[in-house]
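Trainee: Submitted below is the structure of interest, expressed as structure tokens.
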Amino acid sequence: MPSVEFAERVVASYRPSYIPNAVFIGGTSGMGRAMLEALAKQTNGRVNIWIVGRNKTVAEEIIASIPSPPLPEGSATTFTREFVQCDVSLLRNVQAMTQELLRQTERKINILVITSGKAMYSRVETADGLDLQMMLRYYSRFKMIEDLVPALENAHALGQDARVMTVLAAGVGLKVPIDDLDLKKWYNYLMVHIVTGVYNDIMVKVQSERHPNLTFIHVFPGIVNTPATRVSLFTRAIAVLSWYWIKQVEPIAQSFLYPLLSSEDFKRGGYWISQSADKLPLASNITDEVAKKVWDHSVERTTLRKEAVE
């Protein structure tokens, strides 16, 4: 585990020569909002920011709070702060959102952080035939990254950082249910949470192999005090029972800036990170064969049918 002082020094030294383009999907609440605000504070607003979410009012409040860096008199430099409204529960919405981001960012993204999600306790199928919880925790993230990878590759081609962070449940290591990848046979709350964590691990492994010049990171924040812990009696009960382990969101968000902004330690490749910003090993049961089956399944499930697009 890096010392707090070391991580803080690394983050404080983040002073890129260019103005980074940062996209936060799920950035209006919880960990996404906390990371966005931490990055804005660290850079003193010298960053272009896109917030993707459903709540325009909250997004506008966040945008208004982002500092404006001092500029020389007469400078023509401007900084982008945009909100892209999107309900990521449907594939066509995700595709429309990623195409809009590619347009607005001029196909260049340096930082992509995905934290979107919602607690569900029974299987609810979307119009795409996907379970809503699995869609939010995995399938939508898979499609977002696949669609936006060209913009990250463009950033790397310019000699700039290009990093993706998916915030969920890195390193849980459950055996992959090869004969039931979309959990139609063995669906339950705990199973969905664990399996989608494993799928995100696999996504990071395969993406880092397909795009070796980019950085892909899956982090495990643990139990964090965010609005997600207060959406129901069940989540409130879990929070109460876990009071000893529950963490405040701001320090965790700050610690995750370290792998996101470190110039050397996470320069390229795939990484699985604990709540303490330790590097975790990829579970030994995630073989190339297993990864290929999950990847092929994901491509098939997230490919829009013609009638869905229309």
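Residues in the structure tokens are named by chain (A, B, ... in the order shown) and by number from 1 within that chain; ligands are numbered from 1 in the order shown.
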Considering only C-alpha atoms, return as a ChimeraX atom specification whatever protein or nucleic-acid residues lie within 10 Å of Phe24 in chain A, sequence-local ones (same chain, fewer than 4 positions apart) excluded.

Mentor: /A:28,32-33,35-36,49-53,83,111-116,165

Trainee: Neighbouring residues of Pro150 in chain A were defined as those with any atom within 9 Å, considering only C-alpha atoms; residues of the same chain fewer than 6 positions away were excluded. Please report them as a ChimeraX atom specification.

Mentor: /A:102,107-109

Trainee: Restricting it to N, CA, C and O atoms, dump the selection as a PDB file, in the first residue's frame.

Mentor:
```pdb
ATOM      1  N   LEU A 102     -18.182  11.592 -28.190  1.00  0.00           N
ATOM      2  CA  LEU A 102     -17.143  11.616 -29.222  1.00  0.00           C
ATOM      3  C   LEU A 102     -17.181  12.932 -29.989  1.00  0.00           C
ATOM      4  O   LEU A 102     -16.143  13.513 -30.314  1.00  0.00           O
ATOM      5  N   ARG A 107     -13.268  13.644 -30.187  1.00  0.00           N
ATOM      6  CA  ARG A 107     -12.667  12.301 -30.229  1.00  0.00           C
ATOM      7  C   ARG A 107     -11.338  12.235 -29.496  1.00  0.00           C
ATOM      8  O   ARG A 107     -10.392  11.570 -29.932  1.00  0.00           O
ATOM      9  N   LYS A 108     -11.266  12.912 -28.345  1.00  0.00           N
ATOM     10  CA  LYS A 108     -10.078  12.815 -27.499  1.00  0.00           C
ATOM     11  C   LYS A 108     -10.501  12.799 -26.035  1.00  0.00           C
ATOM     12  O   LYS A 108     -11.096  13.767 -25.541  1.00  0.00           O
ATOM     13  N   ILE A 109     -10.221  11.697 -25.349  1.00  0.00           N
ATOM     14  CA  ILE A 109     -10.526  11.562 -23.925  1.00  0.00           C
ATOM     15  C   ILE A 109      -9.269  11.097 -23.201  1.00  0.00           C
ATOM     16  O   ILE A 109      -8.640  10.111 -23.608  1.00  0.00           O
TER      17      ILE A 109
END
```

Trainee: When you look at Ile217 in chain A with a cut-off of 7 Å (counting only C-alpha atoms), what residues show up, excluding the ones that are within fewer than 6 positions of it in the same chain? I need them as a list of chain:residue names.

Mentor: A:Val164, A:Met165, A:Thr166, A:Val204, A:Gly270, A:Tyr271, A:Trp272

Trainee: Compare A:Asp182, A:Gly173, A:Asn21, A:Lys292 by their minimum atom-to-atom distance to Ile194 in chain A, counting only C-alpha atoms, and give me the closest one.

Mentor: A:Gly173

Trainee: DSSP on the backbone, then: every residue of range 71-288 of chain A marked helix (DSSP H, G or I), written as a ChimeraX atom specification.

Mentor: /A:91-104,132-157,178-180,189-210,227-230,233-241,249-261,288

Trainee: If you count only C-alpha atoms, which residues fall within 12 Å of Glu146 in chain A, apart from same-chain ones fewer than 2 positions away, as a PyMOL selection string?

Mentor: chain A and resi 94-95+98-99+112+139-144+148-153+164+203-204+206-208+210-211+295+298-299+302-303

Trainee: Take the residues from that selection and write them out as a tab-separated table (two decimals), in the first residue's frame, keeping N, CA, C and O atoms.

Mentor:
```tsv
chain	number	residue	atom	x	y	z
A	94	VAL	N	-27.18	4.42	-24.41
A	94	VAL	CA	-25.73	4.41	-24.21
A	94	VAL	C	-25.03	4.76	-25.52
A	94	VAL	O	-24.09	5.57	-25.54
A	95	GLN	N	-25.50	4.18	-26.61
A	95	GLN	CA	-24.86	4.46	-27.91
A	95	GLN	C	-25.03	5.92	-28.30
A	95	GLN	O	-24.08	6.56	-28.79
A	98	THR	N	-22.55	7.94	-26.10
A	98	THR	CA	-21.13	7.83	-26.47
A	98	THR	C	-20.85	8.56	-27.78
A	98	THR	O	-19.79	9.18	-27.92
A	99	GLN	N	-21.80	8.52	-28.70
A	99	GLN	CA	-21.60	9.26	-29.96
A	99	GLN	C	-21.58	10.76	-29.70
A	99	GLN	O	-20.81	11.50	-30.32
A	112	LEU	N	-11.49	8.63	-18.27
A	112	LEU	CA	-12.87	8.13	-18.31
A	112	LEU	C	-13.14	7.37	-17.02
A	112	LEU	O	-12.48	6.36	-16.74
A	139	TYR	N	-22.93	-4.47	-18.47
A	139	TYR	CA	-23.11	-4.38	-19.91
A	139	TYR	C	-23.01	-2.95	-20.43
A	139	TYR	O	-22.39	-2.69	-21.47
A	140	SER	N	-23.60	-1.99	-19.72
A	140	SER	CA	-23.50	-0.59	-20.17
A	140	SER	C	-22.05	-0.12	-20.13
A	140	SER	O	-21.60	0.60	-21.03
A	141	ARG	N	-21.31	-0.53	-19.10
A	141	ARG	CA	-19.91	-0.13	-18.99
A	141	ARG	C	-19.08	-0.73	-20.13
A	141	ARG	O	-18.20	-0.07	-20.69
A	142	PHE	N	-19.38	-1.98	-20.44
A	142	PHE	CA	-18.68	-2.65	-21.55
A	142	PHE	C	-18.89	-1.85	-22.84
A	142	PHE	O	-17.92	-1.55	-23.56
A	143	LYS	N	-20.13	-1.47	-23.12
A	143	LYS	CA	-20.41	-0.74	-24.36
A	143	LYS	C	-19.82	0.67	-24.33
A	143	LYS	O	-19.29	1.14	-25.35
A	144	MET	N	-19.90	1.34	-23.18
A	144	MET	CA	-19.31	2.68	-23.08
A	144	MET	C	-17.83	2.65	-23.45
A	144	MET	O	-17.35	3.47	-24.24
A	148	LEU	N	-15.91	4.29	-26.68
A	148	LEU	CA	-15.07	5.46	-26.44
A	148	LEU	C	-13.56	5.18	-26.54
A	148	LEU	O	-12.76	6.12	-26.50
A	149	VAL	N	-13.19	3.93	-26.70
A	149	VAL	CA	-11.77	3.59	-26.83
A	149	VAL	C	-11.07	4.37	-27.94
A	149	VAL	O	-9.91	4.80	-27.77
A	150	PRO	N	-11.69	4.59	-29.10
A	150	PRO	CA	-10.99	5.37	-30.13
A	150	PRO	C	-10.56	6.76	-29.65
A	150	PRO	O	-9.49	7.25	-30.04
A	151	ALA	N	-11.36	7.38	-28.79
A	151	ALA	CA	-10.99	8.71	-28.27
A	151	ALA	C	-9.81	8.61	-27.30
A	151	ALA	O	-8.99	9.54	-27.22
A	152	LEU	N	-9.72	7.53	-26.58
A	152	LEU	CA	-8.58	7.31	-25.69
A	152	LEU	C	-7.32	7.02	-26.50
A	152	LEU	O	-6.23	7.49	-26.18
A	153	GLU	N	-7.46	6.24	-27.55
A	153	GLU	CA	-6.32	5.96	-28.44
A	153	GLU	C	-5.82	7.26	-29.08
A	153	GLU	O	-4.61	7.45	-29.24
A	164	VAL	N	-8.80	4.63	-18.19
A	164	VAL	CA	-10.19	4.27	-17.90
A	164	VAL	C	-10.24	3.70	-16.49
A	164	VAL	O	-9.40	2.88	-16.11
A	203	MET	N	-13.13	-7.65	-18.25
A	203	MET	CA	-13.15	-6.55	-19.23
A	203	MET	C	-11.83	-5.78	-19.20
A	203	MET	O	-11.27	-5.45	-20.27
A	204	VAL	N	-11.31	-5.50	-18.01
A	204	VAL	CA	-10.04	-4.78	-17.89
A	204	VAL	C	-8.90	-5.62	-18.47
A	204	VAL	O	-8.03	-5.10	-19.18
A	206	VAL	N	-9.03	-7.98	-20.86
A	206	VAL	CA	-9.09	-8.08	-22.32
A	206	VAL	C	-8.83	-6.73	-22.98
A	206	VAL	O	-8.10	-6.64	-23.97
A	207	GLN	N	-9.41	-5.66	-22.44
A	207	GLN	CA	-9.19	-4.34	-23.04
A	207	GLN	C	-7.71	-3.95	-22.99
A	207	GLN	O	-7.17	-3.38	-23.94
A	208	SER	N	-7.04	-4.27	-21.88
A	208	SER	CA	-5.62	-3.91	-21.78
A	208	SER	C	-4.77	-4.74	-22.74
A	208	SER	O	-3.71	-4.27	-23.17
A	210	ARG	N	-6.00	-5.79	-25.74
A	210	ARG	CA	-6.37	-5.28	-27.06
A	210	ARG	C	-5.81	-3.89	-27.33
A	210	ARG	O	-5.58	-3.51	-28.48
A	211	HIS	N	-5.61	-3.13	-26.24
A	211	HIS	CA	-5.13	-1.74	-26.36
A	211	HIS	C	-3.97	-1.54	-25.37
A	211	HIS	O	-4.13	-0.88	-24.34
A	295	TRP	N	-16.05	-12.31	-22.95
A	295	TRP	CA	-15.94	-11.23	-23.93
A	295	TRP	C	-16.91	-11.44	-25.10
A	295	TRP	O	-17.65	-10.52	-25.48
A	298	SER	N	-20.38	-10.78	-24.07
A	298	SER	CA	-20.61	-9.35	-23.87
A	298	SER	C	-20.82	-8.63	-25.20
A	298	SER	O	-21.69	-7.76	-25.31
A	299	VAL	N	-20.00	-8.97	-26.18
A	299	VAL	CA	-20.16	-8.36	-27.52
A	299	VAL	C	-21.54	-8.69	-28.07
A	299	VAL	O	-22.25	-7.81	-28.59
A	302	THR	N	-24.37	-6.77	-26.17
A	302	THR	CA	-24.38	-5.30	-26.26
A	302	THR	C	-24.42	-4.79	-27.70
A	302	THR	O	-24.34	-3.58	-27.92
A	303	THR	N	-24.57	-5.69	-28.65
A	303	THR	CA	-24.70	-5.28	-30.04
A	303	THR	C	-26.16	-4.93	-30.32
A	303	THR	O	-27.05	-5.76	-30.13
```

Trainee: Neighbours of Asn285 in chain A within 12 Å (only C-alpha atoms; same-chain residues fewer than 2 positions away dropped), as JSON, numbers by chain?

Mentor: {"A": [171, 172, 173, 174, 175, 176, 177, 178, 198, 201, 202, 281, 282, 283, 287, 288, 289, 290, 291]}

Trainee: Would you work out the distance separating CA of His193 in chain A from CA of Leu304 in chain A, expressed in Å to one decimal?

Mentor: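 Going from CA of His193 in chain A over to CA of Leu304 in chain A covers 24.6 Å.
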
Trainee: Using only C-alpha atoms, tabulate the residues of range 142-175 of chain A lying at most 12 Å from any atom of range 4-19 of chain A, each with its closest atom pair and that distance in Å to one decimal, by chain and increasing residue number, as CSV.

Mentor:
```
residue,atom,partner,partner_atom,distance
A:Ala155,CA,A:Tyr18,CA,10.6
A:Leu158,CA,A:Tyr18,CA,10.1
A:Gly159,CA,A:Tyr18,CA,10.0
A:Gln160,CA,A:Tyr18,CA,7.9
A:Asp161,CA,A:Pro16,CA,8.9
```

Trainee: Keeping only C-alpha atoms, write the selected residues to a file as a compact mmCIF listing (two decimals), in the first residue's frame.

Mentor:
```txt
# COMPACT_ATOMS: atom_id res chain seq x y z
CA ALA A 155 -5.17 10.95 -26.71
CA LEU A 158 -0.86 12.83 -29.02
CA GLY A 159 1.53 11.74 -26.25
CA GLN A 160 -1.08 12.29 -23.53
CA ASP A 161 -2.45 10.13 -20.73
```

Trainee: Go through A:Arg305, A:Arg46, A:Arg54, A:Asp87 one by one, measure the shortest atom-to-atom distance of each to Pro67 in chain A using only C-alpha atoms, and give the residue with the smallest value.

Mentor: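 Nearest to Pro67 in chain A: A:Arg46.
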
Trainee: List every residue of range 29-245 of chain A that DSSP, applied to the backbone of this structure, assigns to strand (DSSP E), and report them as a PDB file with N, CA and C atoms, in the first residue's frame.

Mentor:
```
ATOM      1  N   ASN A  48     -11.087  20.008 -18.792  1.00  0.00           N
ATOM      2  CA  ASN A  48     -12.393  19.978 -19.456  1.00  0.00           C
ATOM      3  C   ASN A  48     -13.178  18.803 -18.880  1.00  0.00           C
ATOM      4  N   ILE A  49     -14.411  19.043 -18.458  1.00  0.00           N
ATOM      5  CA  ILE A  49     -15.184  18.022 -17.759  1.00  0.00           C
ATOM      6  C   ILE A  49     -16.531  17.806 -18.429  1.00  0.00           C
ATOM      7  N   TRP A  50     -16.852  16.526 -18.632  1.00  0.00           N
ATOM      8  CA  TRP A  50     -18.174  16.117 -19.084  1.00  0.00           C
ATOM      9  C   TRP A  50     -18.780  15.226 -18.005  1.00  0.00           C
ATOM     10  N   ILE A  51     -19.990  15.562 -17.597  1.00  0.00           N
ATOM     11  CA  ILE A  51     -20.726  14.773 -16.605  1.00  0.00           C
ATOM     12  C   ILE A  51     -21.872  14.069 -17.316  1.00  0.00           C
ATOM     13  N   VAL A  52     -21.942  12.764 -17.147  1.00  0.00           N
ATOM     14  CA  VAL A  52     -23.046  11.988 -17.721  1.00  0.00           C
ATOM     15  C   VAL A  52     -23.909  11.469 -16.575  1.00  0.00           C
ATOM     16  N   GLY A  53     -25.200  11.709 -16.663  1.00  0.00           N
ATOM     17  CA  GLY A  53     -26.105  11.242 -15.622  1.00  0.00           C
ATOM     18  C   GLY A  53     -27.536  11.579 -15.982  1.00  0.00           C
ATOM     19  N   ARG A  81     -17.267  22.625 -19.551  1.00  0.00           N
ATOM     20  CA  ARG A  81     -18.023  21.947 -18.499  1.00  0.00           C
ATOM     21  C   ARG A  81     -19.385  21.631 -19.105  1.00  0.00           C
ATOM     22  N   GLU A  82     -19.617  20.353 -19.387  1.00  0.00           N
ATOM     23  CA  GLU A  82     -20.855  19.983 -20.068  1.00  0.00           C
ATOM     24  C   GLU A  82     -21.560  18.832 -19.342  1.00  0.00           C
ATOM     25  N   PHE A  83     -22.871  18.832 -19.427  1.00  0.00           N
ATOM     26  CA  PHE A  83     -23.684  17.736 -18.912  1.00  0.00           C
ATOM     27  C   PHE A  83     -24.342  17.027 -20.082  1.00  0.00           C
ATOM     28  N   VAL A  84     -24.208  15.708 -20.102  1.00  0.00           N
ATOM     29  CA  VAL A  84     -24.869  14.887 -21.119  1.00  0.00           C
ATOM     30  C   VAL A  84     -25.877  14.009 -20.385  1.00  0.00           C
ATOM     31  N   GLN A  85     -27.141  14.262 -20.621  1.00  0.00           N
ATOM     32  CA  GLN A  85     -28.177  13.519 -19.909  1.00  0.00           C
ATOM     33  C   GLN A  85     -28.358  12.153 -20.558  1.00  0.00           C
ATOM     34  N   ILE A 111      -9.284  10.943 -19.525  1.00  0.00           N
ATOM     35  CA  ILE A 111      -9.733  10.293 -18.295  1.00  0.00           C
ATOM     36  C   ILE A 111     -11.201   9.911 -18.455  1.00  0.00           C
ATOM     37  N   LEU A 112     -11.493   8.626 -18.269  1.00  0.00           N
ATOM     38  CA  LEU A 112     -12.868   8.134 -18.313  1.00  0.00           C
ATOM     39  C   LEU A 112     -13.136   7.371 -17.020  1.00  0.00           C
ATOM     40  N   VAL A 113     -14.074   7.862 -16.221  1.00  0.00           N
ATOM     41  CA  VAL A 113     -14.429   7.233 -14.950  1.00  0.00           C
ATOM     42  C   VAL A 113     -15.895   6.825 -14.997  1.00  0.00           C
ATOM     43  N   ILE A 114     -16.165   5.550 -14.692  1.00  0.00           N
ATOM     44  CA  ILE A 114     -17.539   5.031 -14.741  1.00  0.00           C
ATOM     45  C   ILE A 114     -17.932   4.509 -13.364  1.00  0.00           C
ATOM     46  N   ARG A 163      -6.644   7.007 -19.740  1.00  0.00           N
ATOM     47  CA  ARG A 163      -6.929   6.041 -18.676  1.00  0.00           C
ATOM     48  C   ARG A 163      -8.429   5.878 -18.454  1.00  0.00           C
ATOM     49  N   VAL A 164      -8.804   4.626 -18.192  1.00  0.00           N
ATOM     50  CA  VAL A 164     -10.188   4.272 -17.898  1.00  0.00           C
ATOM     51  C   VAL A 164     -10.241   3.700 -16.492  1.00  0.00           C
ATOM     52  N   MET A 165     -11.218   4.132 -15.703  1.00  0.00           N
ATOM     53  CA  MET A 165     -11.419   3.554 -14.374  1.00  0.00           C
ATOM     54  C   MET A 165     -12.884   3.162 -14.220  1.00  0.00           C
ATOM     55  N   THR A 166     -13.118   1.885 -13.930  1.00  0.00           N
ATOM     56  CA  THR A 166     -14.456   1.408 -13.605  1.00  0.00           C
ATOM     57  C   THR A 166     -14.475   1.102 -12.113  1.00  0.00           C
ATOM     58  N   VAL A 167     -15.413   1.703 -11.405  1.00  0.00           N
ATOM     59  CA  VAL A 167     -15.480   1.600  -9.948  1.00  0.00           C
ATOM     60  C   VAL A 167     -16.573   0.604  -9.588  1.00  0.00           C
ATOM     61  N   THR A 215      -4.424   2.618 -20.340  1.00  0.00           N
ATOM     62  CA  THR A 215      -4.512   2.130 -18.969  1.00  0.00           C
ATOM     63  C   THR A 215      -5.971   1.842 -18.635  1.00  0.00           C
ATOM     64  N   PHE A 216      -6.227   0.641 -18.127  1.00  0.00           N
ATOM     65  CA  PHE A 216      -7.556   0.237 -17.698  1.00  0.00           C
ATOM     66  C   PHE A 216      -7.474  -0.194 -16.239  1.00  0.00           C
ATOM     67  N   ILE A 217      -8.328   0.380 -15.402  1.00  0.00           N
ATOM     68  CA  ILE A 217      -8.261   0.156 -13.962  1.00  0.00           C
ATOM     69  C   ILE A 217      -9.650  -0.212 -13.437  1.00  0.00           C
ATOM     70  N   HIS A 218      -9.707  -1.273 -12.642  1.00  0.00           N
ATOM     71  CA  HIS A 218     -10.939  -1.631 -11.941  1.00  0.00           C
ATOM     72  C   HIS A 218     -10.649  -1.508 -10.448  1.00  0.00           C
ATOM     73  N   VAL A 219     -11.432  -0.691  -9.753  1.00  0.00           N
ATOM     74  CA  VAL A 219     -11.178  -0.445  -8.337  1.00  0.00           C
ATOM     75  C   VAL A 219     -12.333  -0.959  -7.481  1.00  0.00           C
ATOM     76  N   VAL A 224     -18.975   2.175   1.093  1.00  0.00           N
ATOM     77  CA  VAL A 224     -18.724   3.613   1.187  1.00  0.00           C
ATOM     78  C   VAL A 224     -20.037   4.333   1.485  1.00  0.00           C
ATOM     79  N   ASN A 225     -19.964   5.352   2.283  1.00  0.00           N
ATOM     80  CA  ASN A 225     -21.147   6.113   2.671  1.00  0.00           C
ATOM     81  C   ASN A 225     -21.561   7.055   1.536  1.00  0.00           C
TER      82      ASN A 225
END
```

Trainee: Taking only C-alpha atoms into account, which of A:Val47, A:Leu214, A:Val249, A:Ala76 comes nearest Ser29 in chain A?

Mentor: A:Val249
